[in-house]
$ cat my_file.pdb   # PDB, C-alpha atoms
ATOM      1  CA  MET A  28     -22.388 -30.830  -2.693  1.00  0.00           C
ATOM      2  CA  LEU A  29     -24.372 -27.896  -1.293  1.00  0.00           C
ATOM      3  CA  ALA A  30     -21.564 -27.166   1.198  1.00  0.00           C
ATOM      4  CA  VAL A  31     -18.960 -27.018  -1.598  1.00  0.00           C
ATOM      5  CA  ALA A  32     -21.128 -24.592  -3.595  1.00  0.00           C
ATOM      6  CA  THR A  33     -21.682 -22.396  -0.512  1.00  0.00           C
ATOM      7  CA  VAL A  34     -17.936 -22.239   0.265  1.00  0.00           C
ATOM      8  CA  ALA A  35     -17.095 -21.435  -3.374  1.00  0.00           C
ATOM      9  CA  ARG A  36     -19.697 -18.639  -3.431  1.00  0.00           C
ATOM     10  CA  ALA A  37     -18.391 -17.184  -0.139  1.00  0.00           C
ATOM     11  CA  GLN A  38     -14.814 -17.188  -1.470  1.00  0.00           C
ATOM     12  CA  ALA A  39     -15.924 -15.478  -4.684  1.00  0.00           C
ATOM     13  CA  GLN A  40     -17.768 -12.772  -2.712  1.00  0.00           C
ATOM     14  CA  SER A  41     -15.092 -12.109  -0.073  1.00  0.00           C
ATOM     15  CA  PRO A  42     -13.085  -8.934  -0.720  1.00  0.00           C
ATOM     16  CA  ARG A  43      -9.508  -9.273  -1.933  1.00  0.00           C
ATOM     17  CA  ILE A  44      -7.023  -7.698   0.499  1.00  0.00           C
ATOM     18  CA  GLU A  45      -3.538  -6.737  -0.713  1.00  0.00           C
ATOM     19  CA  PRO A  46      -0.828  -5.324   1.611  1.00  0.00           C
ATOM     20  CA  GLU A  47       0.973  -2.106   0.762  1.00  0.00           C
ATOM     21  CA  ALA A  48       3.946  -0.064   1.940  1.00  0.00           C
ATOM     22  CA  ARG A  49       4.303   3.645   1.261  1.00  0.00           C
ATOM     23  CA  LEU A  50       6.273   6.797   1.979  1.00  0.00           C
ATOM     24  CA  ASP A  51       4.434  10.137   2.223  1.00  0.00           C
ATOM     25  CA  ALA A  52       5.434  13.770   2.596  1.00  0.00           C
ATOM     26  CA  ILE A  53       2.783  16.035   4.101  1.00  0.00           C
ATOM     27  CA  VAL A  54       3.595  19.714   3.579  1.00  0.00           C
ATOM     28  CA  ALA A  55       1.712  21.971   5.987  1.00  0.00           C
ATOM     29  CA  HIS A  56       2.252  24.392   8.871  1.00  0.00           C
ATOM     30  CA  ARG A  57       3.781  21.365  10.573  1.00  0.00           C
ATOM     31  CA  SER A  58       5.185  19.146   7.783  1.00  0.00           C
ATOM     32  CA  ALA A  59       5.902  15.442   8.108  1.00  0.00           C
ATOM     33  CA  LEU A  60       7.696  12.611   6.343  1.00  0.00           C
ATOM     34  CA  GLN A  61       6.042   9.293   7.177  1.00  0.00           C
ATOM     35  CA  GLY A  62       6.454   5.656   6.332  1.00  0.00           C
ATOM     36  CA  ALA A  63       3.184   3.712   6.379  1.00  0.00           C
ATOM     37  CA  LEU A  64       1.828   0.178   6.096  1.00  0.00           C
ATOM     38  CA  GLY A  65      -1.656  -0.588   4.953  1.00  0.00           C
ATOM     39  CA  ALA A  66      -4.111  -2.737   3.094  1.00  0.00           C
ATOM     40  CA  ASP A  67      -5.869  -2.273  -0.229  1.00  0.00           C
ATOM     41  CA  ILE A  68      -9.308  -3.907  -0.044  1.00  0.00           C
ATOM     42  CA  ALA A  69     -11.156  -4.474  -3.324  1.00  0.00           C
ATOM     43  CA  ILE A  70     -14.810  -3.541  -2.739  1.00  0.00           C
ATOM     44  CA  SER A  71     -15.574  -3.937  -6.450  1.00  0.00           C
ATOM     45  CA  PRO A  72     -13.343  -4.049  -9.541  1.00  0.00           C
ATOM     46  CA  ALA A  73     -13.504  -0.231  -9.828  1.00  0.00           C
ATOM     47  CA  MET A  74     -13.576   0.700  -6.123  1.00  0.00           C
ATOM     48  CA  HIS A  75     -10.936  -0.078  -3.490  1.00  0.00           C
ATOM     49  CA  LEU A  76     -10.688   0.900   0.168  1.00  0.00           C
ATOM     50  CA  GLU A  77      -7.185   1.777   1.338  1.00  0.00           C
ATOM     51  CA  ILE A  78      -6.500   1.678   5.066  1.00  0.00           C
ATOM     52  CA  ALA A  79      -3.056   2.856   6.184  1.00  0.00           C
ATOM     53  CA  ALA A  80      -1.231   3.818   9.367  1.00  0.00           C
ATOM     54  CA  GLY A  81       2.055   5.674   9.386  1.00  0.00           C
ATOM     55  CA  ALA A  82       4.584   7.488  11.536  1.00  0.00           C
ATOM     56  CA  GLY A  83       7.678   9.610  11.123  1.00  0.00           C
ATOM     57  CA  PRO A  84       9.300  12.919  11.986  1.00  0.00           C
ATOM     58  CA  SER A  85       7.460  16.237  11.761  1.00  0.00           C
ATOM     59  CA  PHE A  86       9.033  19.645  11.298  1.00  0.00           C
ATOM     60  CA  ALA A  87       7.974  23.268  11.749  1.00  0.00           C
ATOM     61  CA  SER A  88       9.942  26.457  11.216  1.00  0.00           C
ATOM     62  CA  GLY A  89      11.610  27.621  14.395  1.00  0.00           C
ATOM     63  CA  SER A  90      11.325  24.315  16.231  1.00  0.00           C
ATOM     64  CA  GLY A  91      13.061  20.976  16.162  1.00  0.00           C
ATOM     65  CA  SER A  92      11.643  17.736  14.896  1.00  0.00           C
ATOM     66  CA  ASP A  93       8.974  15.761  16.715  1.00  0.00           C
ATOM     67  CA  ILE A  94       7.104  12.539  16.053  1.00  0.00           C
ATOM     68  CA  SER A  95       3.964  12.495  13.916  1.00  0.00           C
ATOM     69  CA  ALA A  96       1.507   9.725  13.153  1.00  0.00           C
ATOM     70  CA  ARG A  97      -1.590   9.174  11.084  1.00  0.00           C
ATOM     71  CA  ALA A  98      -4.331   6.721  10.186  1.00  0.00           C
ATOM     72  CA  ASP A  99      -6.252   7.019   6.896  1.00  0.00           C
ATOM     73  CA  ALA A 100      -9.234   5.384   5.218  1.00  0.00           C
ATOM     74  CA  ILE A 101      -9.528   6.380   1.553  1.00  0.00           C
ATOM     75  CA  VAL A 102     -11.827   5.011  -1.149  1.00  0.00           C
ATOM     76  CA  HIS A 103     -10.110   4.868  -4.561  1.00  0.00           C
ATOM     77  CA  PHE A 104     -12.168   4.952  -7.771  1.00  0.00           C
ATOM     78  CA  LEU A 105     -10.131   3.222 -10.476  1.00  0.00           C
ATOM     79  CA  ILE A 106     -10.556   4.773 -13.909  1.00  0.00           C
ATOM     80  CA  ASP A 107      -9.049   1.654 -15.564  1.00  0.00           C
ATOM     81  CA  PRO A 108     -10.010  -1.299 -13.304  1.00  0.00           C
ATOM     82  CA  GLN A 109      -8.632  -3.925 -15.726  1.00  0.00           C
ATOM     83  CA  HIS A 110      -5.272  -2.084 -15.880  1.00  0.00           C
ATOM     84  CA  ARG A 111      -5.371  -2.018 -19.692  1.00  0.00           C
ATOM     85  CA  MET A 112      -3.456   1.242 -19.826  1.00  0.00           C
ATOM     86  CA  ARG A 113       0.218   1.068 -18.954  1.00  0.00           C
ATOM     87  CA  TRP A 114      -0.310   3.766 -16.279  1.00  0.00           C
ATOM     88  CA  SER A 115      -3.775   3.436 -14.673  1.00  0.00           C
ATOM     89  CA  PRO A 116      -5.132   6.603 -13.019  1.00  0.00           C
ATOM     90  CA  TYR A 117      -7.390   6.743  -9.984  1.00  0.00           C
ATOM     91  CA  ALA A 118      -8.990   9.350  -7.738  1.00  0.00           C
ATOM     92  CA  GLY A 119     -10.280   9.074  -4.217  1.00  0.00           C
ATOM     93  CA  GLY A 120     -11.425  10.613  -1.006  1.00  0.00           C
ATOM     94  CA  GLY A 121     -11.748   9.717   2.622  1.00  0.00           C
ATOM     95  CA  ILE A 122     -10.969  10.620   6.193  1.00  0.00           C
ATOM     96  CA  GLY A 123      -7.968  10.406   8.447  1.00  0.00           C
ATOM     97  CA  ALA A 124      -6.606  11.228  11.851  1.00  0.00           C
ATOM     98  CA  ARG A 125      -3.285  13.036  12.280  1.00  0.00           C
ATOM     99  CA  TYR A 126      -1.138  13.422  15.354  1.00  0.00           C
ATOM    100  CA  ASP A 127       1.607  15.999  15.497  1.00  0.00           C
ATOM    101  CA  ARG A 128       3.092  17.725  18.452  1.00  0.00           C
ATOM    102  CA  GLY A 129       0.668  17.815  21.387  1.00  0.00           C
ATOM    103  CA  PRO A 130      -1.668  15.453  23.179  1.00  0.00           C
ATOM    104  CA  ASP A 131      -4.502  15.466  20.640  1.00  0.00           C
ATOM    105  CA  TRP A 132      -5.275  13.840  17.331  1.00  0.00           C
ATOM    106  CA  ARG A 133      -7.152  15.846  14.714  1.00  0.00           C
ATOM    107  CA  ALA A 134      -9.475  14.713  11.953  1.00  0.00           C
ATOM    108  CA  VAL A 135      -8.693  15.506   8.320  1.00  0.00           C
ATOM    109  CA  ALA A 136     -10.658  15.178   5.090  1.00  0.00           C
ATOM    110  CA  ILE A 137      -8.558  13.657   2.307  1.00  0.00           C
ATOM    111  CA  VAL A 138      -8.740  13.991  -1.497  1.00  0.00           C
ATOM    112  CA  VAL A 139      -6.164  12.243  -3.718  1.00  0.00           C
ATOM    113  CA  ALA A 140      -5.349  11.550  -7.356  1.00  0.00           C
ATOM    114  CA  GLY A 141      -2.831   8.925  -8.325  1.00  0.00           C
ATOM    115  CA  VAL A 142      -1.597   6.498 -10.886  1.00  0.00           C
ATOM    116  CA  ASN A 143      -0.763   2.793 -10.698  1.00  0.00           C
ATOM    117  CA  ALA A 144       2.446   2.089 -12.621  1.00  0.00           C
ATOM    118  CA  PRO A 145       3.122  -1.027 -14.694  1.00  0.00           C
ATOM    119  CA  ARG A 146       3.440  -4.205 -12.664  1.00  0.00           C
ATOM    120  CA  TRP A 147       6.929  -4.770 -11.220  1.00  0.00           C
ATOM    121  CA  LYS A 148       7.562  -8.419 -10.287  1.00  0.00           C
ATOM    122  CA  HIS A 149       4.847  -9.209  -7.680  1.00  0.00           C
ATOM    123  CA  ALA A 150       3.980  -5.577  -6.911  1.00  0.00           C
ATOM    124  CA  ILE A 151       2.271  -2.561  -8.418  1.00  0.00           C
ATOM    125  CA  PRO A 152       4.128   0.721  -7.788  1.00  0.00           C
ATOM    126  CA  PHE A 153       2.014   3.850  -7.387  1.00  0.00           C
ATOM    127  CA  ILE A 154       2.420   7.601  -6.988  1.00  0.00           C
ATOM    128  CA  GLU A 155      -0.192   9.881  -5.491  1.00  0.00           C
ATOM    129  CA  ALA A 156      -0.817  13.535  -4.666  1.00  0.00           C
ATOM    130  CA  GLY A 157      -3.622  15.306  -2.848  1.00  0.00           C
ATOM    131  CA  PHE A 158      -4.796  17.266   0.149  1.00  0.00           C
ATOM    132  CA  GLY A 159      -5.501  16.161   3.711  1.00  0.00           C
ATOM    133  CA  GLY A 160      -3.857  17.823   6.692  1.00  0.00           C
ATOM    134  CA  GLY A 161      -1.717  19.649   4.115  1.00  0.00           C
ATOM    135  CA  VAL A 162      -0.466  18.893   0.620  1.00  0.00           C
ATOM    136  CA  ARG A 163       0.304  15.168   0.325  1.00  0.00           C
ATOM    137  CA  ILE A 164       2.777  13.528  -2.014  1.00  0.00           C
ATOM    138  CA  GLY A 165       3.295   9.791  -1.736  1.00  0.00           C
ATOM    139  CA  ALA A 166       4.661   6.703  -3.427  1.00  0.00           C
ATOM    140  CA  GLY A 167       4.666   3.043  -2.621  1.00  0.00           C
ATOM    141  CA  LEU A 168       4.083  -0.565  -3.591  1.00  0.00           C
ATOM    142  CA  ARG A 169       0.942  -2.692  -3.427  1.00  0.00           C
ATOM    143  CA  ARG A 170       1.101  -6.438  -3.789  1.00  0.00           C
ATOM    144  CA  ALA A 171      -0.229  -7.457  -7.198  1.00  0.00           C
ATOM    145  CA  PRO A 172      -3.274  -9.742  -7.142  1.00  0.00           C
TER     146      PRO A 172
END
$ encode --input "my_file.pdb" --output "structure tokens"
Amino acid sequence: MLAVATVARAQAQSPRIEPEARLDAIVAHRSALQGALGADIAISPAMHLEIAAGAGPSFASGSGSDISARADAIVHFLIDPQHRMRWSPYAGGGIGARYDRGPDWRAVAIVVAGVNAPRWKHAIPFIEAGFGGGVRIGAGLRRAP
């Protein structure tokens, strides 16, 4: 009986992890359009950690396109954790690493504001804008819990 109670408590305390897919435009000196896959990890009902990795073409004036990549870790603070509003806003901040043309990655600080749209089948669409290695505009789908 004690083992059943311990397992139930561990399952209740383990963070919920939902996969996500997204498309982001980063407008900067060297702009990029990247597809990304990630995970949304519920730390608490009002705080989620988003981890994402993406890649795609990058562009700069006067040069052709190259490959770009990134990895981000952003904490989202949900203003409406129970999703009572039809469109639930959130804000967040974090860090990332961005690779553009050249051998080196560079660190970026990230600040975002976004909104979770009404549930669509088994997913929650979202749109997001912010700063981090340039102006960021993104949209995607997270699996609904």
$ atom_distance --input "my_file.pdb" --atom1 "atom CA of A:Asp99" --atom2 "atom CA of A:Val54"
16.4 Å
$ residues_around --input "my_file.pdb" --residues "A:Pro145" --least-positions-apart "3" --cutoff "12 Å" --atoms "only C-alpha atoms" --output "VMD selection string"
chain A and resid 110 to 116 142 148 to 154 168 to 169 171
$ atom_distance --input "my_file.pdb" --atom1 "atom CA of A:Ile122" --atom2 "atom CA of A:Gly165"
16.3 Å
$ residues_around --input "my_file.pdb" --residues "A:Ala140" --least-positions-apart "5" --cutoff "6 Å" --atoms "only C-alpha atoms" --output "PyMOL selection string"
chain A and resi 117-118+155-156
$ write_last_selection --input "my_file.pdb" --atoms "C-alpha atoms" --output "PDB file, in the frame of the given file"
ATOM      1  CA  TYR A 117      -7.390   6.743  -9.984  1.00  0.00           C
ATOM      2  CA  ALA A 118      -8.990   9.350  -7.738  1.00  0.00           C
ATOM      3  CA  GLU A 155      -0.192   9.881  -5.491  1.00  0.00           C
ATOM      4  CA  ALA A 156      -0.817  13.535  -4.666  1.00  0.00           C
TER       5      ALA A 156
END
$ closest_atom_pairs --input "my_file.pdb" --of "stretch 95-118 of chain A" --to "stretch 64-88 of chain A" --cutoff "7 Å" --atoms "all atoms listed in the file" --output "Markdown table"
| residue | atom | partner | partner_atom | distance |
| --- | --- | --- | --- | --- |
| A:Ser95 | CA | A:Gly83 | CA | 5.5 |
| A:Ala96 | CA | A:Ala82 | CA | 4.1 |
| A:Arg97 | CA | A:Gly81 | CA | 5.3 |
| A:Ala98 | CA | A:Ala80 | CA | 4.3 |
| A:Asp99 | CA | A:Ala79 | CA | 5.3 |
| A:Ala100 | CA | A:Ile78 | CA | 4.6 |
| A:Ile101 | CA | A:Glu77 | CA | 5.2 |
| A:Val102 | CA | A:Leu76 | CA | 4.5 |
| A:His103 | CA | A:His75 | CA | 5.1 |
| A:Phe104 | CA | A:Met74 | CA | 4.8 |
| A:Leu105 | CA | A:Ala73 | CA | 4.9 |
| A:Pro108 | CA | A:Ala73 | CA | 5.0 |
$ atom_distance --input "my_file.pdb" --atom1 "atom CA of A:Ile137" --atom2 "atom CA of A:Arg163"
9.2 Å
$ closest_residue --input "my_file.pdb" --among "A:Ala59, A:Ile106, A:Ala136, A:Ala48" --to "A:Arg170" --atoms "all atoms listed in the file"
A:Ala48
$ closest_residue --input "my_file.pdb" --among "A:Gly167, A:Gly129, A:Gly119, A:Pro42" --to "A:Trp147" --atoms "only C-alpha atoms"
A:Gly167
$ resolve_selection --input "my_file.pdb" --expression "the PyMOL selection byres ((chain A and resi 124) around 7)" --output "PDB file with C-alpha atoms, keeping the file's coordinate frame"
ATOM      1  CA  ARG A  97      -1.590   9.174  11.084  1.00  0.00           C
ATOM      2  CA  ALA A  98      -4.331   6.721  10.186  1.00  0.00           C
ATOM      3  CA  ASP A  99      -6.252   7.019   6.896  1.00  0.00           C
ATOM      4  CA  GLY A 123      -7.968  10.406   8.447  1.00  0.00           C
ATOM      5  CA  ARG A 125      -3.285  13.036  12.280  1.00  0.00           C
ATOM      6  CA  TYR A 126      -1.138  13.422  15.354  1.00  0.00           C
ATOM      7  CA  TRP A 132      -5.275  13.840  17.331  1.00  0.00           C
ATOM      8  CA  ARG A 133      -7.152  15.846  14.714  1.00  0.00           C
ATOM      9  CA  ALA A 134      -9.475  14.713  11.953  1.00  0.00           C
ATOM     10  CA  VAL A 135      -8.693  15.506   8.320  1.00  0.00           C
TER      11      VAL A 135
END
